[in-house]
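K.L.:
Below is upload-v8.cif; it holds mmCIF, C-alpha atoms.
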```
data_upload
#
loop_
_atom_site.label_atom_id
_atom_site.label_comp_id
_atom_site.auth_asym_id
_atom_site.auth_seq_id
_atom_site.Cartn_x
_atom_site.Cartn_y
_atom_site.Cartn_z
CA MET A 1 105.80 110.58 66.62
CA LYS A 2 104.99 107.11 65.35
CA LYS A 3 101.46 105.78 65.89
CA VAL A 4 102.50 102.26 66.91
CA TRP A 5 105.53 100.63 68.50
CA ASN A 6 106.32 98.23 65.64
CA GLU A 7 105.34 99.81 62.34
CA LYS A 8 106.62 96.84 60.31
CA MET A 9 104.18 94.38 61.91
CA GLU A 10 101.32 96.47 63.30
CA LEU A 11 100.59 98.32 60.06
CA LEU A 12 100.19 95.21 57.90
CA SER A 13 96.83 94.59 56.27
CA ARG A 14 94.58 91.82 57.58
CA GLU A 15 95.38 89.74 54.50
CA GLU A 16 99.13 90.17 54.96
CA ILE A 17 99.10 89.33 58.66
CA GLU A 18 96.90 86.26 58.11
CA LYS A 19 99.49 84.78 55.73
CA ILE A 20 102.17 85.25 58.40
CA ARG A 21 99.93 83.76 61.10
CA LEU A 22 99.03 80.67 59.10
CA ARG A 23 102.67 80.04 58.29
CA ARG A 24 103.69 80.46 61.92
CA LEU A 25 100.75 78.38 63.15
CA ARG A 26 101.67 75.39 60.99
CA LYS A 27 105.31 75.70 62.08
CA GLN A 28 104.30 75.97 65.78
CA LEU A 29 102.02 72.92 65.61
CA LYS A 30 104.70 70.78 63.97
CA TYR A 31 107.26 71.98 66.51
CA CYS A 32 105.00 71.13 69.47
CA TYR A 33 104.10 67.71 68.05
CA THR A 34 107.73 66.71 67.55
CA HIS A 35 109.16 68.24 70.76
CA SER A 36 106.49 67.55 73.38
CA GLU A 37 105.14 64.21 74.56
CA PHE A 38 102.06 66.05 75.89
CA TYR A 39 101.13 67.64 72.57
CA LYS A 40 101.86 64.50 70.56
CA ARG A 41 99.45 62.60 72.81
CA LYS A 42 96.81 65.34 72.56
CA PHE A 43 96.93 65.48 68.75
CA ASP A 44 96.83 61.71 68.52
CA GLU A 45 93.77 61.64 70.81
CA VAL A 46 91.80 63.91 68.46
CA GLY A 47 93.03 62.02 65.41
CA LEU A 48 94.94 64.86 63.78
CA ARG A 49 98.48 65.43 62.65
CA PRO A 50 99.91 68.95 62.29
CA GLU A 51 100.52 68.56 58.54
CA GLU A 52 96.78 68.00 58.05
CA ILE A 53 96.03 71.54 59.23
CA LYS A 54 96.44 73.59 56.08
CA THR A 55 93.82 76.31 56.58
CA TRP A 56 92.35 78.38 59.37
CA GLU A 57 89.12 76.36 59.17
CA ASP A 58 91.08 73.15 59.68
CA PHE A 59 92.50 74.61 62.88
CA ARG A 60 89.12 75.87 64.10
CA LYS A 61 87.79 72.30 64.07
CA VAL A 62 90.40 71.13 66.57
CA PRO A 63 88.83 70.94 70.06
CA PRO A 64 90.46 72.55 73.12
CA LEU A 65 93.67 70.75 74.08
CA MET A 66 94.48 72.17 77.52
CA ASP A 67 93.02 74.11 80.42
CA LYS A 68 94.43 75.36 83.71
CA GLU A 69 93.93 72.08 85.57
CA GLU A 70 95.54 70.06 82.77
CA GLU A 71 98.44 72.49 82.84
CA ARG A 72 98.84 71.85 86.56
CA GLU A 73 98.70 68.10 86.00
CA SER A 74 101.30 68.46 83.24
CA GLN A 75 103.54 70.27 85.74
CA ARG A 76 103.06 67.58 88.39
CA GLU A 77 104.01 64.88 85.89
CA SER A 78 107.16 66.67 84.72
CA LEU A 79 108.23 67.17 88.33
CA GLU A 80 107.82 63.49 89.11
CA ARG A 81 109.44 62.19 85.93
CA PHE A 82 112.06 64.79 85.05
CA GLY A 83 112.51 67.00 88.12
CA HIS A 84 111.38 70.29 86.55
CA PRO A 85 108.09 72.22 87.00
CA PHE A 86 107.56 73.46 83.44
CA GLY A 87 105.20 70.70 82.42
CA MET A 88 105.10 67.91 79.90
CA HIS A 89 104.19 70.55 77.30
CA LEU A 90 107.72 71.97 77.56
CA CYS A 91 109.15 71.89 74.04
CA CYS A 92 112.82 72.63 74.73
CA PRO A 93 115.48 71.38 77.14
CA PRO A 94 114.75 72.82 80.60
CA GLU A 95 118.26 74.31 80.61
CA LYS A 96 117.12 76.80 77.95
CA ILE A 97 114.59 78.38 80.33
CA ILE A 98 116.19 81.55 81.76
CA ILE A 99 113.10 83.03 83.46
CA ALA A 100 110.61 81.01 85.49
CA LYS A 101 107.64 82.99 86.77
CA THR A 102 104.19 81.77 87.71
CA THR A 103 100.66 83.05 87.45
CA GLY A 104 99.20 84.62 90.59
CA GLY A 105 97.46 81.42 91.67
CA THR A 106 94.09 83.09 92.32
CA THR A 107 92.22 80.05 90.99
CA GLY A 108 94.50 77.34 92.39
CA ILE A 109 98.10 76.17 92.23
CA PRO A 110 100.20 78.71 90.25
CA THR A 111 101.35 77.64 86.80
CA PHE A 112 104.68 78.41 85.13
CA SER A 113 103.08 80.13 82.14
CA TYR A 114 105.57 83.01 82.36
CA SER A 115 108.66 80.88 81.77
CA PHE A 116 110.87 82.02 78.91
CA THR A 117 113.84 81.05 76.82
CA PRO A 118 115.94 84.01 75.60
CA HIS A 119 113.89 84.00 72.38
CA ASP A 120 110.59 83.92 74.28
CA PHE A 121 111.73 86.72 76.60
CA ASP A 122 112.41 88.94 73.57
CA ARG A 123 109.00 87.95 72.21
CA TRP A 124 107.35 88.90 75.54
CA ASN A 125 109.01 92.31 75.66
CA GLU A 126 108.10 93.03 72.05
CA GLY A 127 104.43 92.08 72.35
CA SER A 128 104.00 93.91 75.65
CA ALA A 129 105.72 97.04 74.36
CA ARG A 130 103.17 97.29 71.56
CA GLY A 131 100.35 97.27 74.12
CA TYR A 132 102.06 99.79 76.40
CA TRP A 133 102.67 102.12 73.44
CA LEU A 134 98.98 102.04 72.47
CA ALA A 135 98.12 102.71 76.13
CA GLY A 136 100.16 105.91 75.94
CA LEU A 137 103.53 105.06 77.50
CA ARG A 138 106.59 106.62 75.87
CA PRO A 139 110.37 106.57 76.37
CA GLY A 140 111.22 109.05 79.11
CA ASP A 141 108.08 108.36 81.16
CA ARG A 142 108.45 107.56 84.86
CA VAL A 143 106.19 104.73 86.02
CA LEU A 144 105.12 104.00 89.59
CA PHE A 145 104.79 100.21 89.48
CA CYS A 146 102.68 98.87 92.35
CA PHE A 147 101.69 95.32 91.60
CA PRO A 148 102.59 92.67 94.20
CA LEU A 149 106.32 91.94 93.98
CA SER A 150 106.42 89.13 96.53
CA GLY A 151 105.15 86.40 94.21
CA GLY A 152 103.50 85.54 90.94
CA TRP A 153 104.09 86.95 87.50
CA ALA A 154 103.76 90.71 87.91
CA GLY A 155 106.74 91.13 90.19
CA SER A 156 109.41 91.18 87.52
CA ILE A 157 107.86 90.26 84.20
CA VAL A 158 105.30 93.00 83.54
CA LYS A 159 107.88 95.72 84.16
CA THR A 160 110.65 94.37 81.89
CA PRO A 161 109.03 95.74 78.71
CA LEU A 162 109.21 99.20 80.30
CA GLN A 163 112.99 98.97 80.47
CA TYR A 164 112.96 97.54 76.93
CA MET A 165 111.15 100.72 75.84
CA GLY A 166 113.48 103.10 77.72
CA ILE A 167 111.08 103.91 80.56
CA LEU A 168 112.01 104.46 84.22
CA CYS A 169 110.18 102.03 86.52
CA LEU A 170 109.82 102.75 90.24
CA ASP A 171 108.85 99.26 91.42
CA LEU A 172 107.76 99.39 95.02
CA GLY A 173 105.24 96.57 95.19
CA ALA A 174 101.68 96.74 96.43
CA GLU A 175 102.67 95.08 99.70
CA THR A 176 104.96 98.01 100.60
CA PRO A 177 103.51 100.19 103.40
CA ILE A 178 101.47 102.94 101.79
CA GLU A 179 103.35 105.62 103.74
CA LYS A 180 106.65 104.52 102.16
CA ILE A 181 105.07 104.42 98.70
CA VAL A 182 103.86 107.98 99.16
CA ASP A 183 107.33 109.15 100.32
CA TYR A 184 109.14 107.62 97.33
CA THR A 185 106.47 108.78 94.91
CA ARG A 186 106.83 112.38 96.04
CA MET A 187 110.58 112.17 95.40
CA ILE A 188 110.48 110.49 91.97
CA ARG A 189 107.36 112.34 90.74
CA PRO A 190 106.15 109.66 88.29
CA ASN A 191 103.79 110.64 85.49
CA ALA A 192 102.30 107.15 85.13
CA LEU A 193 100.88 104.49 87.45
CA MET A 194 100.71 100.75 86.80
CA SER A 195 98.66 98.82 89.37
CA THR A 196 95.32 97.21 90.07
CA PRO A 197 92.32 99.54 90.37
CA SER A 198 92.21 98.50 94.05
CA PHE A 199 95.67 99.94 94.67
CA ALA A 200 94.80 103.13 92.81
CA GLU A 201 91.70 103.49 95.01
CA THR A 202 93.84 102.99 98.12
CA LEU A 203 96.24 105.70 96.94
CA ILE A 204 93.36 108.09 96.30
CA GLU A 205 92.04 107.60 99.84
CA SER A 206 95.39 107.43 101.67
CA TYR A 207 97.34 110.23 99.99
CA PRO A 208 95.29 113.12 101.47
CA LYS A 209 95.41 111.52 104.94
CA ILE A 210 99.22 111.31 104.79
CA THR A 211 100.05 114.57 103.01
CA GLY A 212 97.00 116.80 103.43
CA LYS A 213 96.87 117.18 99.64
CA PRO A 214 94.84 115.48 96.90
CA VAL A 215 96.52 112.70 94.95
CA SER A 216 96.25 114.84 91.81
CA GLU A 217 99.15 116.97 93.04
CA LEU A 218 101.50 114.11 92.10
CA GLY A 219 100.96 114.82 88.41
CA ILE A 220 100.17 111.21 87.42
CA LYS A 221 98.46 111.57 84.04
CA LYS A 222 98.73 108.02 82.68
CA LEU A 223 96.84 105.28 84.51
CA LEU A 224 97.51 101.72 83.35
CA LEU A 225 95.26 99.78 85.69
CA THR A 226 94.41 96.14 85.18
CA GLY A 227 93.63 92.84 86.89
CA GLU A 228 90.09 93.81 87.95
CA PRO A 229 86.89 95.17 86.39
CA GLY A 230 86.57 98.93 86.32
CA VAL A 231 87.68 100.67 83.15
CA ALA A 232 84.47 99.68 81.35
CA ILE A 233 82.28 100.90 84.22
CA PRO A 234 81.70 104.64 83.62
CA SER A 235 81.21 105.58 87.28
CA ILE A 236 84.45 103.91 88.42
CA ARG A 237 86.43 105.27 85.49
CA LYS A 238 85.10 108.80 86.08
CA ARG A 239 86.04 108.75 89.78
CA MET A 240 89.55 107.44 89.05
CA GLU A 241 90.30 109.89 86.27
CA GLU A 242 88.95 112.89 88.18
CA ALA A 243 90.93 112.01 91.30
CA PHE A 244 94.26 111.70 89.48
CA GLY A 245 93.59 114.19 86.71
CA GLY A 246 94.68 111.60 84.15
CA LYS A 247 93.42 109.01 81.67
CA TRP A 248 92.82 105.32 82.42
CA ARG A 249 93.99 102.66 79.96
CA ASP A 250 93.52 98.91 80.33
CA TYR A 251 95.88 96.24 79.03
CA LEU A 252 96.12 92.46 79.05
CA MET A 253 98.95 90.00 78.42
CA ILE A 254 97.33 86.88 79.83
CA ASN A 255 99.50 83.78 80.30
CA SER A 256 102.17 85.73 78.35
CA GLU A 257 99.85 85.75 75.32
CA GLY A 258 96.93 87.76 73.96
CA PHE A 259 98.85 91.05 73.89
CA SER A 260 96.23 93.81 73.93
CA SER A 261 95.51 97.30 75.20
CA SER A 262 92.75 99.90 75.23
CA CYS A 263 92.86 103.18 73.33
CA GLU A 264 91.89 106.79 74.05
CA ALA A 265 88.40 106.56 72.52
CA GLU A 266 85.33 107.42 74.60
CA PRO A 267 83.33 105.51 75.64
CA TYR A 268 85.53 102.49 76.37
CA GLN A 269 86.01 100.45 73.19
CA GLY A 270 87.64 97.33 74.60
CA LEU A 271 91.14 95.94 74.16
CA HIS A 272 92.89 96.14 70.79
CA GLU A 273 94.89 93.08 69.76
CA VAL A 274 98.36 94.41 68.96
CA ALA A 275 100.42 91.27 68.22
CA LEU A 276 98.55 89.04 65.80
CA ASP A 277 101.88 87.59 64.68
CA LEU A 278 102.59 86.31 68.22
CA SER A 279 99.35 84.67 69.34
CA ILE A 280 95.77 83.74 68.46
CA TRP A 281 92.88 84.53 70.78
CA ALA A 282 89.84 86.46 69.55
CA GLU A 283 89.58 84.50 66.29
CA ASP A 284 89.24 81.14 68.06
CA LEU A 285 85.96 81.21 70.00
CA ILE A 286 83.92 78.39 71.48
CA ASP A 287 80.42 78.41 72.95
CA ILE A 288 80.60 78.82 76.74
CA ASP A 289 78.17 75.93 77.30
CA THR A 290 78.77 73.45 74.46
CA GLN A 291 82.48 74.20 73.82
CA LYS A 292 81.78 74.00 70.09
CA PRO A 293 83.39 76.49 67.68
CA ILE A 294 81.30 79.59 66.97
CA GLU A 295 81.55 82.09 64.15
CA VAL A 296 83.60 85.19 64.88
CA ARG A 297 81.50 88.22 63.97
CA GLU A 298 80.77 91.70 65.32
CA GLY A 299 79.63 91.54 68.96
CA VAL A 300 79.82 87.75 69.36
CA ILE A 301 80.33 86.37 72.89
CA GLY A 302 82.27 83.20 73.68
CA GLU A 303 85.28 81.72 75.40
CA GLY A 304 88.54 82.56 73.64
CA LEU A 305 91.18 79.87 73.09
CA ILE A 306 94.83 80.93 73.24
CA THR A 307 97.41 79.57 70.81
CA SER A 308 101.04 80.66 70.85
CA LEU A 309 102.87 81.61 67.67
CA ASP A 310 106.68 81.67 67.46
CA ARG A 311 107.19 80.40 71.03
CA GLU A 312 109.74 77.71 71.87
CA GLY A 313 109.63 77.07 75.64
CA VAL A 314 106.13 76.41 76.97
CA PRO A 315 103.81 77.22 74.06
CA LEU A 316 100.06 77.04 74.60
CA ILE A 317 97.92 75.39 71.93
CA LYS A 318 94.12 75.63 72.00
CA TYR A 319 94.31 76.65 75.66
CA ARG A 320 91.07 77.28 77.57
CA LEU A 321 91.55 80.41 79.64
CA GLY A 322 88.10 80.25 81.19
CA ASP A 323 87.52 83.90 80.23
CA VAL A 324 84.29 84.98 78.53
CA ILE A 325 84.93 87.70 75.98
CA GLN A 326 82.99 89.76 73.48
CA VAL A 327 84.70 90.33 70.12
CA PHE A 328 84.31 93.36 67.86
CA THR A 329 85.51 93.01 64.28
CA GLN A 330 84.73 96.51 63.01
CA PRO A 331 87.40 99.27 63.01
CA CYS A 332 87.55 101.34 66.19
CA ILE A 333 86.58 105.00 66.26
CA CYS A 334 90.06 105.80 67.62
CA GLY A 335 91.62 105.09 64.24
CA TYR A 336 94.16 102.56 65.49
CA PRO A 337 95.65 101.26 62.24
CA GLY A 338 96.38 97.69 63.33
CA PRO A 339 94.42 94.78 61.80
CA GLY A 340 93.50 93.16 65.13
CA TYR A 341 90.00 92.83 66.58
CA ARG A 342 88.83 94.35 69.86
CA ILE A 343 87.93 92.38 72.97
CA LYS A 344 85.80 93.14 76.02
CA HIS A 345 86.34 90.89 79.02
CA LEU A 346 82.94 89.92 80.49
CA GLY A 347 84.01 87.60 83.30
CA ARG A 348 85.43 84.23 84.25
CA LEU A 349 83.44 81.06 83.72
CA ASN A 350 84.41 79.95 87.24
CA ASP A 351 82.71 83.06 88.66
CA ARG A 352 79.46 82.70 86.74
CA LEU A 353 76.38 82.36 88.93
CA PHE A 354 72.95 80.93 88.13
CA VAL A 355 70.01 82.52 89.91
CA GLU A 356 66.76 80.74 89.10
CA GLY A 357 68.37 79.54 85.88
CA ILE A 358 69.57 83.02 84.87
CA SER A 359 73.30 83.30 84.08
CA LEU A 360 74.97 86.24 85.83
CA PHE A 361 78.59 87.41 86.07
CA PRO A 362 79.79 89.35 89.15
CA ILE A 363 81.05 92.20 86.96
CA ALA A 364 77.44 92.86 85.90
CA VAL A 365 76.39 93.20 89.54
CA ARG A 366 79.31 95.50 90.26
CA ASP A 367 78.38 97.62 87.24
CA VAL A 368 74.93 98.20 88.72
CA ILE A 369 76.23 98.96 92.22
CA THR A 370 78.84 101.47 91.05
CA SER A 371 76.26 103.29 88.95
CA PHE A 372 74.88 104.55 92.29
CA ILE A 373 78.12 106.30 93.32
CA PRO A 374 78.33 108.64 95.32
CA ARG A 375 75.34 107.29 97.27
CA VAL A 376 77.45 104.15 97.63
CA THR A 377 81.25 103.95 97.82
CA GLY A 378 81.38 101.27 95.14
CA ALA A 379 82.71 98.59 97.49
CA MET A 380 80.55 95.46 97.51
CA ARG A 381 80.53 91.72 98.02
CA ILE A 382 78.20 89.06 96.68
CA VAL A 383 77.35 86.94 99.73
CA LEU A 384 77.29 83.21 99.06
CA THR A 385 75.74 81.00 101.72
CA GLU A 386 76.25 77.82 99.70
CA PRO A 387 78.77 76.68 97.07
CA PRO A 388 78.27 78.28 93.65
CA PRO A 389 77.30 78.38 90.86
CA GLU A 390 73.66 77.77 91.83
CA VAL A 391 72.29 80.57 94.05
CA LYS A 392 68.92 80.46 95.75
CA PRO A 393 67.13 83.79 95.34
CA PRO A 394 67.33 86.46 96.41
CA LEU A 395 70.94 87.18 95.43
CA LYS A 396 72.49 88.64 98.58
CA ILE A 397 74.71 91.70 98.12
CA LYS A 398 76.60 93.58 100.80
CA VAL A 399 77.17 97.24 99.85
CA GLU A 400 78.92 100.16 101.54
CA TRP A 401 76.70 103.21 101.68
CA GLY A 402 78.27 106.48 100.55
CA TYR A 403 79.85 109.18 102.67
CA GLY A 404 77.21 111.61 103.91
CA VAL A 405 74.27 109.30 103.23
CA GLU A 406 71.81 109.17 106.13
CA VAL A 407 70.69 105.82 107.53
CA HIS A 408 67.02 106.65 106.96
CA GLN A 409 67.77 106.96 103.21
CA LEU A 410 69.06 103.40 102.89
CA PRO A 411 65.77 101.46 102.49
CA GLU A 412 64.79 103.50 99.45
CA LEU A 413 68.30 103.21 98.01
CA ALA A 414 68.21 99.44 98.48
CA ARG A 415 64.92 99.25 96.59
CA GLU A 416 66.38 101.28 93.72
CA ILE A 417 69.39 98.95 93.41
CA GLU A 418 67.23 95.82 93.63
CA ASP A 419 64.82 97.18 91.03
CA ARG A 420 67.71 98.05 88.67
CA LEU A 421 69.14 94.54 88.92
CA PHE A 422 65.75 93.02 88.20
CA GLN A 423 65.09 95.33 85.25
CA LEU A 424 68.44 94.54 83.64
CA TYR A 425 68.90 90.86 84.45
CA ARG A 426 65.54 89.58 85.84
CA VAL A 427 67.34 88.59 89.03
CA ARG A 428 65.78 89.05 92.47
CA SER A 429 68.24 90.46 94.99
CA LYS A 430 68.54 91.65 98.58
CA VAL A 431 70.88 94.51 99.44
CA GLU A 432 72.46 94.76 102.90
CA PHE A 433 74.17 98.08 103.64
CA VAL A 434 77.32 98.48 105.74
CA PRO A 435 79.20 101.69 106.68
CA PRO A 436 81.88 103.19 104.40
CA GLU A 437 85.26 101.38 104.53
CA SER A 438 83.84 98.51 106.59
CA LEU A 439 84.51 96.03 103.78
CA GLY A 440 88.18 96.95 103.99
CA ARG A 441 90.58 98.10 101.30
CA VAL A 442 93.23 95.99 99.60
CA THR A 443 96.19 96.98 97.43
CA LYS A 444 96.11 93.80 95.36
CA LYS A 445 92.84 92.41 93.97
CA THR A 446 89.51 93.14 95.65
CA PRO A 447 87.43 89.98 96.20
CA MET A 448 83.96 89.89 94.65
CA PHE A 449 82.53 87.21 96.95
CA GLU A 450 81.99 86.71 100.66
CA GLU A 451 81.89 82.94 101.01
CA LYS A 452 79.97 82.19 104.19
CA TYR A 453 79.60 78.49 103.41
CA LYS A 454 83.32 77.84 104.04
#
```
Please render this file's structure as structure tokens.
P.N.:
Amino acid sequence: MKKVWNEKMELLSREEIEKIRLRRLRKQLKYCYTHSEFYKRKFDEVGLRPEEIKTWEDFRKVPPLMDKEEERESQRESLERFGHPFGMHLCCPPEKIIIAKTTGGTTGIPTFSYSFTPHDFDRWNEGSARGYWLAGLRPGDRVLFCFPLSGGWAGSIVKTPLQYMGILCLDLGAETPIEKIVDYTRMIRPNALMSTPSFAETLIESYPKITGKPVSELGIKKLLLTGEPGVAIPSIRKRMEEAFGGKWRDYLMINSEGFSSSCEAEPYQGLHEVALDLSIWAEDLIDIDTQKPIEVREGVIGEGLITSLDREGVPLIKYRLGDVIQVFTQPCICGYPGPGYRIKHLGRLNDRLFVEGISLFPIAVRDVITSFIPRVTGAMRIVLTEPPPEVKPPLKIKVEWGYGVEVHQLPELAREIEDRLFQLYRVRSKVEFVPPESLGRVTKKTPMFEEKYK
């Protein structure tokens, strides 16, 4: 059995792949400059022409060219001027676009980042297949696919690489009544699940209530769960894997770029880049405060900029994702032979809080809370009484106490959690406990905040 999906590309040396990337980068920049009014204007604004970028260092000096809001503005302009929503950064005739899918719109108006020409659709399936292969999927698997199907990108785009690989996909959608999902699942008997961790948690809790049996009786051994924090938090990962009797892998194909997936190594080693010939991400870091380029080295933290390679429809060049990542340049203990770096997702810049001047991401708070499972269920909300990012101390956190925990035990448990947060992050906090399941359960993406100021 082959180790990787595409042995021709994934087994190249770092030196070999860098030659391919530089050649494709220069070609992509020239293509964007000559085919897009948006990119021509952006390059002219920074005083650069594509032919002047001859080395990787030349490219690193170019400042960010687009972010999510600029992408939305680009879409609004193309709608007004040309009657299509793909943006002024579209580099081909709109008639060549055969698939038009948007992001989920969790941070605002959805963008058409998942819009493909036939060439780009092949590119998407190829890059995604490499990540799915590393995550353990194989031809002949049967996948229960339970992302939302009613809108956004996941409905039809994330599953197409499965068919490309020869994998059966049972796509029910997270909005389907859980009873119907359970009925169909018991008939098809999938061996893999693709969903958010929130949906997987709902299935763990609902399956015994509906069938009288644990969810492990389904035989789902491959868990590809993404879209939320969890796989890097030992307590959450342990609960999920023990409940299903399988192994959890994470993967990421953000804005149809940055193809990456986690491996089987313990503890969690981050996401392996699997398609260096298709996009740039980890190697183009900027400081999260100054937006200046920073050196890529082992363990460095910054905001990654996405640049498409070999994309003809709506390529992204120096695109600010707003995601804070940590990059690891050393080989992984799993032995994955690809030349890519590894990435750990630390949080979104938009979610970052400042408590008495201390920078704090919600995922760090959740990590602390879930470390107290089973005395807590793991469900929590950060309560905001005023617009972020500035938070007046103490940081207010609503937490579900665990099943079987007595009310008289809660004050001491609250002190333990508050002390742990202060020890790790020097942040003063106040924990408010609520009964199990009172924060509700969702099958899509669990919110991290309770915004009382709205």
K.L.:
Could you list the residues chosen by the PyMOL selection byres ((chain A and resi 191-204) around 7) in this structure as an MDAnalysis selection string?
P.N.:
chainID A and resid 141:147 189:190 205:207 215 219:228 243 441:446
K.L.:
Create the file for the chosen residues now, containing C-alpha atoms and written as a compact mmCIF listing (two decimals), in the coordinates of the input.
P.N.:
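As written to disk, selection.txt reads:
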```
# COMPACT_ATOMS: atom_id res chain seq x y z
CA ASP A 141 108.08 108.36 81.16
CA ARG A 142 108.45 107.56 84.86
CA VAL A 143 106.19 104.73 86.02
CA LEU A 144 105.12 104.00 89.59
CA PHE A 145 104.79 100.21 89.48
CA CYS A 146 102.68 98.87 92.35
CA PHE A 147 101.69 95.32 91.60
CA ARG A 189 107.36 112.34 90.74
CA PRO A 190 106.15 109.66 88.29
CA GLU A 205 92.04 107.60 99.84
CA SER A 206 95.39 107.43 101.67
CA TYR A 207 97.34 110.23 99.99
CA VAL A 215 96.52 112.70 94.95
CA GLY A 219 100.96 114.82 88.41
CA ILE A 220 100.17 111.21 87.42
CA LYS A 221 98.46 111.57 84.04
CA LYS A 222 98.73 108.02 82.68
CA LEU A 223 96.84 105.28 84.51
CA LEU A 224 97.51 101.72 83.35
CA LEU A 225 95.26 99.78 85.69
CA THR A 226 94.41 96.14 85.18
CA GLY A 227 93.63 92.84 86.89
CA GLU A 228 90.09 93.81 87.95
CA ALA A 243 90.93 112.01 91.30
CA ARG A 441 90.58 98.10 101.30
CA VAL A 442 93.23 95.99 99.60
CA THR A 443 96.19 96.98 97.43
CA LYS A 444 96.11 93.80 95.36
CA LYS A 445 92.84 92.41 93.97
CA THR A 446 89.51 93.14 95.65
```
K.L.:
Which region 207-300 of chain A residues have any atom within 12 Å of an atom of region 56-72 of chain A, and for each, what is the nearest pair of atoms with distance in Å to one decimal, counting all atoms listed in the file, rows sorted by chain and number, as CSV?
P.N.:
```
residue,atom,partner,partner_atom,distance
A:Asn255,CA,A:Lys68,CA,10.4
A:Ile280,CA,A:Trp56,CA,11.1
A:Trp281,CA,A:Arg60,CA,11.6
A:Ala282,CA,A:Arg60,CA,11.9
A:Glu283,CA,A:Arg60,CA,8.9
A:Asp284,CA,A:Arg60,CA,6.6
A:Leu285,CA,A:Arg60,CA,8.6
A:Ile286,CA,A:Pro64,CA,8.9
A:Asp287,CA,A:Pro63,CA,11.6
A:Thr290,CA,A:Pro63,CA,11.3
A:Gln291,CA,A:Pro63,CA,8.1
A:Lys292,CA,A:Pro63,CA,7.7
A:Pro293,CA,A:Arg60,CA,6.8
A:Ile294,CA,A:Arg60,CA,9.1
A:Glu295,CA,A:Arg60,CA,9.8
A:Val296,CA,A:Arg60,CA,10.9
```
K.L.:
Any chance you could export the current selection's C-alpha atoms as a PDB file, in the coordinates of the input?
P.N.:
```pdb
ATOM      1  CA  ASN A 255      99.500  83.780  80.300  1.00  0.00           C
ATOM      2  CA  ILE A 280      95.770  83.740  68.460  1.00  0.00           C
ATOM      3  CA  TRP A 281      92.880  84.530  70.780  1.00  0.00           C
ATOM      4  CA  ALA A 282      89.840  86.460  69.550  1.00  0.00           C
ATOM      5  CA  GLU A 283      89.580  84.500  66.290  1.00  0.00           C
ATOM      6  CA  ASP A 284      89.240  81.140  68.060  1.00  0.00           C
ATOM      7  CA  LEU A 285      85.960  81.210  70.000  1.00  0.00           C
ATOM      8  CA  ILE A 286      83.920  78.390  71.480  1.00  0.00           C
ATOM      9  CA  ASP A 287      80.420  78.410  72.950  1.00  0.00           C
ATOM     10  CA  THR A 290      78.770  73.450  74.460  1.00  0.00           C
ATOM     11  CA  GLN A 291      82.480  74.200  73.820  1.00  0.00           C
ATOM     12  CA  LYS A 292      81.780  74.000  70.090  1.00  0.00           C
ATOM     13  CA  PRO A 293      83.390  76.490  67.680  1.00  0.00           C
ATOM     14  CA  ILE A 294      81.300  79.590  66.970  1.00  0.00           C
ATOM     15  CA  GLU A 295      81.550  82.090  64.150  1.00  0.00           C
ATOM     16  CA  VAL A 296      83.600  85.190  64.880  1.00  0.00           C
TER      17      VAL A 296
END
```
K.L.:
I'd like to see the residues matched by the PyMOL selection byres ((chain A and resi 254) around 10) on this file, and ideally I'd get them as a PyMOL selection string.
P.N.:
chain A and resi 103+113-114+227+251-253+255-260+306+321
K.L.:
Which residues match the PyMOL selection byres ((chain A and resi 438) around 10) in the file above, as an MDAnalysis selection string?
P.N.:
chainID A and resid 379 399:401 434:437 439:441
K.L.:
Kindly indicate which residue among A:Gly173, A:Pro447, A:Gly131, A:Gly340 lies nearest to Leu12 (chain A), using all atoms listed in the file for the distances.
P.N.:
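Residue with the minimum atom-to-atom distance to Leu12 (chain A): A:Gly340.
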K.L.:
If you count only C-alpha atoms, which residues fall within 12 Å of Ile333 (chain A), apart from same-chain ones fewer than 4 positions away, as a VMD selection string?
P.N.:
chain A and resid 263 to 270 272 328 337 342
K.L.:
Rounded to one decimal, what separation in Å do you get between CA of Ser115 (chain A) and CA of Lys96 (chain A)?
P.N.:
10.1 Å
K.L.:
Hey, could you make a per-residue contact list for region 188-285 of chain A against region 349-373 of chain A with 7 Å as the cut-off, showing the nearest pair of atoms and its distance in Å to one decimal, counting all atoms listed in the file, sorted by chain and number, as JSON lines?
P.N.:
```
{"residue": "A:Pro229", "atom": "CA", "partner": "A:Ile363", "partner_atom": "CA", "distance": 6.6}
{"residue": "A:Ile233", "atom": "CA", "partner": "A:Asp367", "partner_atom": "CA", "distance": 5.9}
{"residue": "A:Ser235", "atom": "CA", "partner": "A:Ser371", "partner_atom": "CA", "distance": 5.7}
{"residue": "A:Ile236", "atom": "CA", "partner": "A:Thr370", "partner_atom": "CA", "distance": 6.7}
```
K.L.:
Name the residues, using the chain letters and numbers of the file, that sit within 7 Å of (110.6, 82.7, 78.0) when counting all atoms listed in the file, and give them as a list in words.
P.N.:
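All residues meeting the 7 Å criterion around (110.6, 82.7, 78.0) are Ile97, Ile98, Ile99, Tyr114, Ser115, Phe116, Thr117, Pro118, His119, Asp120, Phe121 and Gly313 of chain A.
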K.L.:
Nearest residue to Pro331 (chain A) out of A:Glu273, A:Glu451, A:Phe433, A:Gly304, using all atoms listed in the file?
P.N.:
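Result for the nearest residue to Pro331 (chain A): A:Glu273.
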K.L.:
Which value, in Å to one decimal, gives the distance between CA of Pro394 (chain A) and CA of Asp289 (chain A)?
P.N.:
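Separation of CA of Pro394 (chain A) and CA of Asp289 (chain A): 24.4 Å.
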